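So this block is work37.txt, compact mmCIF, C-alpha atoms:
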# COMPACT_ATOMS: atom_id res chain seq x y z
CA MET A 1 -3.41 -29.40 -86.39
CA ALA A 2 -3.74 -31.70 -89.44
CA ALA A 3 -3.76 -34.68 -87.06
CA CYS A 4 -6.91 -33.26 -85.43
CA LEU A 5 -9.33 -33.92 -88.28
CA PRO A 6 -13.09 -33.82 -87.70
CA MET A 7 -14.90 -36.70 -86.08
CA THR A 8 -18.31 -35.11 -85.63
CA SER A 9 -21.81 -36.51 -85.84
CA PRO A 10 -24.48 -35.00 -88.14
CA GLU A 11 -26.35 -33.17 -85.35
CA THR A 12 -24.89 -30.00 -83.93
CA ASN A 13 -24.67 -30.44 -80.18
CA ILE A 14 -22.63 -28.54 -77.63
CA GLU A 15 -19.64 -30.84 -78.01
CA ASP A 16 -19.60 -30.43 -81.80
CA ARG A 17 -19.82 -26.65 -81.47
CA LEU A 18 -16.98 -26.78 -78.95
CA LEU A 19 -14.94 -28.73 -81.48
CA GLU A 20 -15.54 -26.04 -84.11
CA ILE A 21 -14.65 -23.27 -81.66
CA LEU A 22 -11.42 -25.06 -80.74
CA ARG A 23 -10.55 -25.33 -84.45
CA GLN A 24 -11.11 -21.59 -84.81
CA GLU A 25 -9.06 -20.93 -81.69
CA ALA A 26 -6.17 -23.06 -82.99
CA ASP A 27 -6.30 -21.20 -86.31
CA ALA A 28 -6.36 -17.82 -84.56
CA CYS A 29 -3.39 -18.83 -82.38
CA ALA A 30 -1.50 -19.92 -85.50
CA SER A 31 -2.22 -16.56 -87.12
CA LEU A 32 -1.12 -14.64 -84.03
CA LEU A 33 2.07 -16.70 -83.83
CA ALA A 34 2.83 -16.15 -87.52
CA TRP A 35 2.44 -12.38 -87.12
CA ALA A 36 4.65 -12.39 -84.01
CA ARG A 37 7.34 -14.16 -86.04
CA GLU A 38 6.86 -11.61 -88.82
CA ALA A 39 7.32 -8.83 -86.26
CA GLN A 40 10.53 -10.53 -85.15
CA ARG A 41 11.82 -10.62 -88.73
CA ALA A 42 10.96 -6.94 -89.09
CA LEU A 43 12.78 -6.12 -85.86
CA LEU A 44 15.88 -7.96 -87.01
CA ALA A 45 15.72 -6.31 -90.44
CA MET A 46 15.07 -2.93 -88.80
CA ASP A 47 12.09 -2.43 -91.10
CA PRO A 48 9.64 -0.08 -89.33
CA ASP A 49 6.97 -0.33 -92.04
CA GLN A 50 6.88 -4.12 -91.89
CA LEU A 51 6.94 -3.97 -88.09
CA ALA A 52 3.95 -1.61 -88.09
CA GLN A 53 2.09 -3.90 -90.50
CA ALA A 54 2.87 -6.98 -88.38
CA SER A 55 1.78 -5.15 -85.22
CA ARG A 56 -1.54 -4.15 -86.78
CA GLN A 57 -2.16 -7.72 -87.91
CA GLN A 58 -1.23 -9.03 -84.46
CA LEU A 59 -3.85 -6.74 -82.90
CA LYS A 60 -6.49 -8.02 -85.34
CA ALA A 61 -5.54 -11.65 -84.64
CA LEU A 62 -5.60 -10.98 -80.91
CA ALA A 63 -9.08 -9.45 -81.13
CA THR A 64 -10.27 -12.48 -83.10
CA LEU A 65 -8.72 -14.84 -80.55
CA HIS A 66 -10.40 -12.94 -77.71
CA ARG A 67 -13.80 -13.18 -79.42
CA ILE A 68 -13.34 -16.93 -79.95
CA GLU A 69 -12.24 -17.38 -76.34
CA LEU A 70 -15.41 -15.67 -75.13
CA ASN A 71 -17.48 -17.99 -77.33
CA ARG A 72 -15.64 -21.03 -75.93
CA LYS A 73 -16.24 -19.87 -72.37
CA ALA A 74 -19.92 -19.28 -73.06
CA LEU A 75 -20.24 -22.73 -74.59
CA LEU A 76 -18.45 -24.34 -71.63
CA MET A 77 -20.80 -22.47 -69.32
CA THR A 78 -23.80 -23.89 -71.21
CA TRP A 79 -22.28 -27.38 -71.08
CA ALA A 80 -21.60 -27.04 -67.33
CA ASP A 81 -25.20 -25.96 -66.72
CA SER A 82 -26.56 -28.90 -68.70
CA HIS A 83 -24.41 -31.31 -66.65
CA LYS A 84 -25.17 -29.63 -63.30
CA MET A 85 -21.52 -28.62 -62.80
CA ALA A 86 -19.94 -25.37 -61.65
CA TYR A 87 -18.70 -23.43 -64.66
CA SER A 88 -15.54 -22.27 -62.93
CA THR A 89 -14.29 -25.86 -62.69
CA VAL A 90 -15.20 -27.05 -66.21
CA THR A 91 -12.48 -27.50 -68.82
CA VAL A 92 -12.34 -29.00 -72.29
CA THR A 93 -10.80 -32.07 -70.63
CA ASP A 94 -14.02 -32.50 -68.62
CA VAL A 95 -16.06 -32.38 -71.81
CA ALA A 96 -13.71 -34.82 -73.53
CA GLY A 97 -14.08 -37.20 -70.60
CA ARG A 98 -17.83 -37.44 -71.22
CA VAL A 99 -17.96 -37.93 -75.00
CA GLU A 100 -17.11 -40.75 -77.40
CA SER A 101 -13.47 -41.54 -78.01
CA PRO A 102 -12.94 -40.11 -81.52
CA LEU A 103 -14.51 -36.77 -80.56
CA ALA A 104 -12.72 -36.75 -77.20
CA ASP A 105 -9.36 -37.37 -78.89
CA THR A 106 -9.97 -34.54 -81.34
CA LEU A 107 -11.00 -32.14 -78.55
CA LEU A 108 -7.86 -32.98 -76.59
CA CYS A 109 -5.66 -32.75 -79.68
CA LEU A 110 -6.96 -29.30 -80.53
CA THR A 111 -6.61 -28.15 -76.94
CA GLN A 112 -3.00 -29.35 -76.91
CA SER A 113 -2.37 -27.57 -80.21
CA VAL A 114 -3.68 -24.29 -78.77
CA ILE A 115 -1.55 -24.69 -75.64
CA GLU A 116 1.62 -25.42 -77.64
CA GLN A 117 1.05 -22.44 -79.91
CA LEU A 118 0.47 -20.13 -76.95
CA VAL A 119 3.67 -21.35 -75.28
CA GLU A 120 5.61 -20.73 -78.49
CA LEU A 121 3.95 -17.32 -78.87
CA SER A 122 5.07 -16.44 -75.36
CA LEU A 123 8.66 -17.37 -76.26
CA VAL A 124 8.61 -15.37 -79.51
CA ASN A 125 7.12 -12.36 -77.70
CA GLU A 126 9.78 -12.61 -74.98
CA CYS A 127 12.48 -12.68 -77.64
CA ASN A 128 10.91 -9.70 -79.42
CA ARG A 129 10.79 -7.82 -76.13
CA ALA A 130 14.48 -8.55 -75.54
CA LEU A 131 15.34 -7.34 -79.05
CA VAL A 132 13.47 -4.07 -78.55
CA ARG A 133 14.97 -3.55 -75.08
CA SER A 134 18.50 -4.17 -76.38
CA ASP A 135 17.99 -1.76 -79.25
CA LEU A 136 16.61 0.92 -76.93
CA GLU A 137 19.50 0.45 -74.49
CA LEU A 138 22.00 0.78 -77.33
CA HIS A 139 20.36 3.97 -78.55
CA ARG A 140 20.22 5.33 -74.99
CA ALA A 141 23.92 4.62 -74.49
CA LEU A 142 24.81 6.26 -77.81
CA TRP A 143 22.78 9.36 -77.00
CA GLN A 144 24.34 9.61 -73.57
CA ARG A 145 27.78 9.35 -75.09
CA LEU A 146 27.01 11.95 -77.76
CA MET A 147 25.55 14.33 -75.18
CA SER A 148 28.47 14.00 -72.75
CA ASP A 149 31.18 16.65 -72.37
CA GLN A 150 34.02 14.16 -72.81
CA THR A 151 35.92 14.04 -76.03
CA PRO A 152 35.91 10.74 -77.91
CA GLY A 153 38.56 8.38 -76.63
CA ALA A 154 38.90 10.07 -73.26
CA LEU A 155 37.75 7.04 -71.29
CA TYR A 156 40.27 4.31 -72.06
CA GLY A 157 44.04 4.30 -72.34
CA PRO A 158 46.10 2.55 -75.00
CA VAL A 159 45.96 -0.84 -73.23
CA GLY A 160 42.24 -0.66 -72.52
CA HIS A 161 42.40 0.59 -68.91
CA PHE A 162 40.21 3.42 -67.71
CA SER A 163 41.92 6.80 -67.84
CA GLY A 164 40.72 10.34 -67.27
CA GLU A 165 43.36 11.96 -69.45
CA GLN A 166 42.13 13.84 -72.50
CA SER A 167 44.64 12.16 -74.83
CA SER A 168 43.94 8.64 -73.64
CA GLY A 169 42.15 6.30 -76.01
CA TYR A 170 43.69 7.75 -79.14
CA LEU A 171 45.82 4.66 -79.84
CA VAL A 172 42.93 2.30 -79.18
CA GLU A 173 40.70 4.22 -81.57
CA ARG A 174 43.39 4.41 -84.22
CA ARG A 175 44.07 0.67 -84.06
CA ALA A 176 40.38 -0.21 -84.19

Conversion result in C-alpha cells:
Amino acid sequence: MAACLPMTSPETNIEDRLLEILRQEADACASLLAWAREAQRALLAMDPDQLAQASRQQLKALATLHRIELNRKALLMTWADSHKMAYSTVTVTDVAGRVESPLADTLLCLTQSVIEQLVELSLVNECNRALVRSDLELHRALWQRLMSDQTPGALYGPVGHFSGEQSSGYLVERRA
C-alpha cells in the first residue's frame, strides 16, 4: 500500500472521501489478514489461548471492515446519485474513470490492494479450515479406535495385510 500515497486536493469532495475510505479498508484488510495468519500459527503450535486471542481480534477486524464497507457503499451511492447513475452498477473503477489521473491511479491502486489482500485472506482461511478439519478427523479416528472392542494390533498382520486374528499385528507393533 506504500505505493498508493495520497494525491488529494485541499477540498474534501466525494472522491477524496472515497480515497480515505479505501485507505481504511486496505488497512482493515491487512489487519484481518495478519490475525488470520496469527490464528494459523496458533493452530500449528496447538496453542488454544493464542488461537482464542487471534479469533477475537479477527472478529474485531471483521466488524471494522464491515463498517468501512458500509461507508464505502454509502459514498458510492451518493456519487452515483450526483452523476445520475444507478448505484447497483457503480464501482470504484467508474469513479476513477471520471477523476484526474493521480487520484484515479491511487483509487485503483488501493482497490487492487484490497482485492489482493482479500484473495490472500481467503487462501489463509481455507488452509486454516483444512488444518482444523484434519485435526478433528485425527481426533475422531483416535476416539473411534479407543472406543472399539478390538485389541490393539488386531487389524494388521506381520506383513501389513488386514487380518482378523487377535494375535495379528503384534510383530508390526513391536518393530515400529

Exercise: region 44-59 of chain A partners within 10 Å, all atoms listed in the file, chain neighbours under 2 positions left out, as a PyMOL selection string
chain A and resi 31-42+61-65+128+131-132

At what distance in Å, to one decimal, does CA of Leu136 (chain A) lie from CA of Ala30 (chain A)?
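Going from CA of Ala30 (chain A) over to CA of Leu136 (chain A), I get 28.9 Å.
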
Determine, counting all atoms listed in the file, which protein, DNA and RNA residues have an atom within 9 Å of an atom of Thr93 (chain A); residues of the same chain fewer than 2 positions away are not included. Present the result as a compact mmCIF listing (two decimals) with C-alpha atoms, in the frame of the given file.
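Result file follows (result_31.txt):
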# COMPACT_ATOMS: atom_id res chain seq x y z
CA VAL A 90 -15.20 -27.05 -66.21
CA THR A 91 -12.48 -27.50 -68.82
CA VAL A 95 -16.06 -32.38 -71.81
CA ALA A 96 -13.71 -34.82 -73.53
CA GLY A 97 -14.08 -37.20 -70.60
CA ARG A 98 -17.83 -37.44 -71.22
CA ALA A 104 -12.72 -36.75 -77.20
CA LEU A 107 -11.00 -32.14 -78.55
CA LEU A 108 -7.86 -32.98 -76.59
CA THR A 111 -6.61 -28.15 -76.94

Proximity of region 106-125 of chain A to region 15-24 of chain A: per-residue shortest pair, 12 Å limit, all atoms listed in the file, as JSON lines:
{"residue": "A:Thr106", "atom": "CA", "partner": "A:Leu19", "partner_atom": "CA", "distance": 7.6}
{"residue": "A:Leu107", "atom": "CA", "partner": "A:Leu19", "partner_atom": "CA", "distance": 6.0}
{"residue": "A:Leu108", "atom": "CA", "partner": "A:Leu19", "partner_atom": "CA", "distance": 9.6}
{"residue": "A:Cys109", "atom": "CA", "partner": "A:Leu22", "partner_atom": "CA", "distance": 9.7}
{"residue": "A:Leu110", "atom": "CA", "partner": "A:Leu22", "partner_atom": "CA", "distance": 6.2}
{"residue": "A:Thr111", "atom": "CA", "partner": "A:Leu22", "partner_atom": "CA", "distance": 6.9}
{"residue": "A:Gln112", "atom": "CA", "partner": "A:Leu22", "partner_atom": "CA", "distance": 10.2}
{"residue": "A:Ser113", "atom": "CA", "partner": "A:Leu22", "partner_atom": "CA", "distance": 9.4}
{"residue": "A:Val114", "atom": "CA", "partner": "A:Leu22", "partner_atom": "CA", "distance": 8.0}
{"residue": "A:Ile115", "atom": "CA", "partner": "A:Leu22", "partner_atom": "CA", "distance": 11.1}

Tell me which protein, DNA and RNA residues are within 12 Å of Ala86 (chain A), counting only C-alpha atoms, leaving out same-chain ones fewer than 6 positions away, and put them as a VMD selection string.
chain A and resid 76 to 80 94

Which one is closest to Arg72 (chain A): A:Ala26, A:Leu121, A:Val99, A:Leu142? Count only C-alpha atoms.
A:Ala26

Mind giving me the straight-line distance from CA of Leu118 (chain A) to CA of Asp81 (chain A) in Å, one decimal?
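If I compute the distance from CA of Leu118 (chain A) to CA of Asp81 (chain A), I get 28.2 Å.
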
At what distance in Å, to one decimal, does CA of Asp105 (chain A) lie from CA of Glu25 (chain A)?
16.7 Å
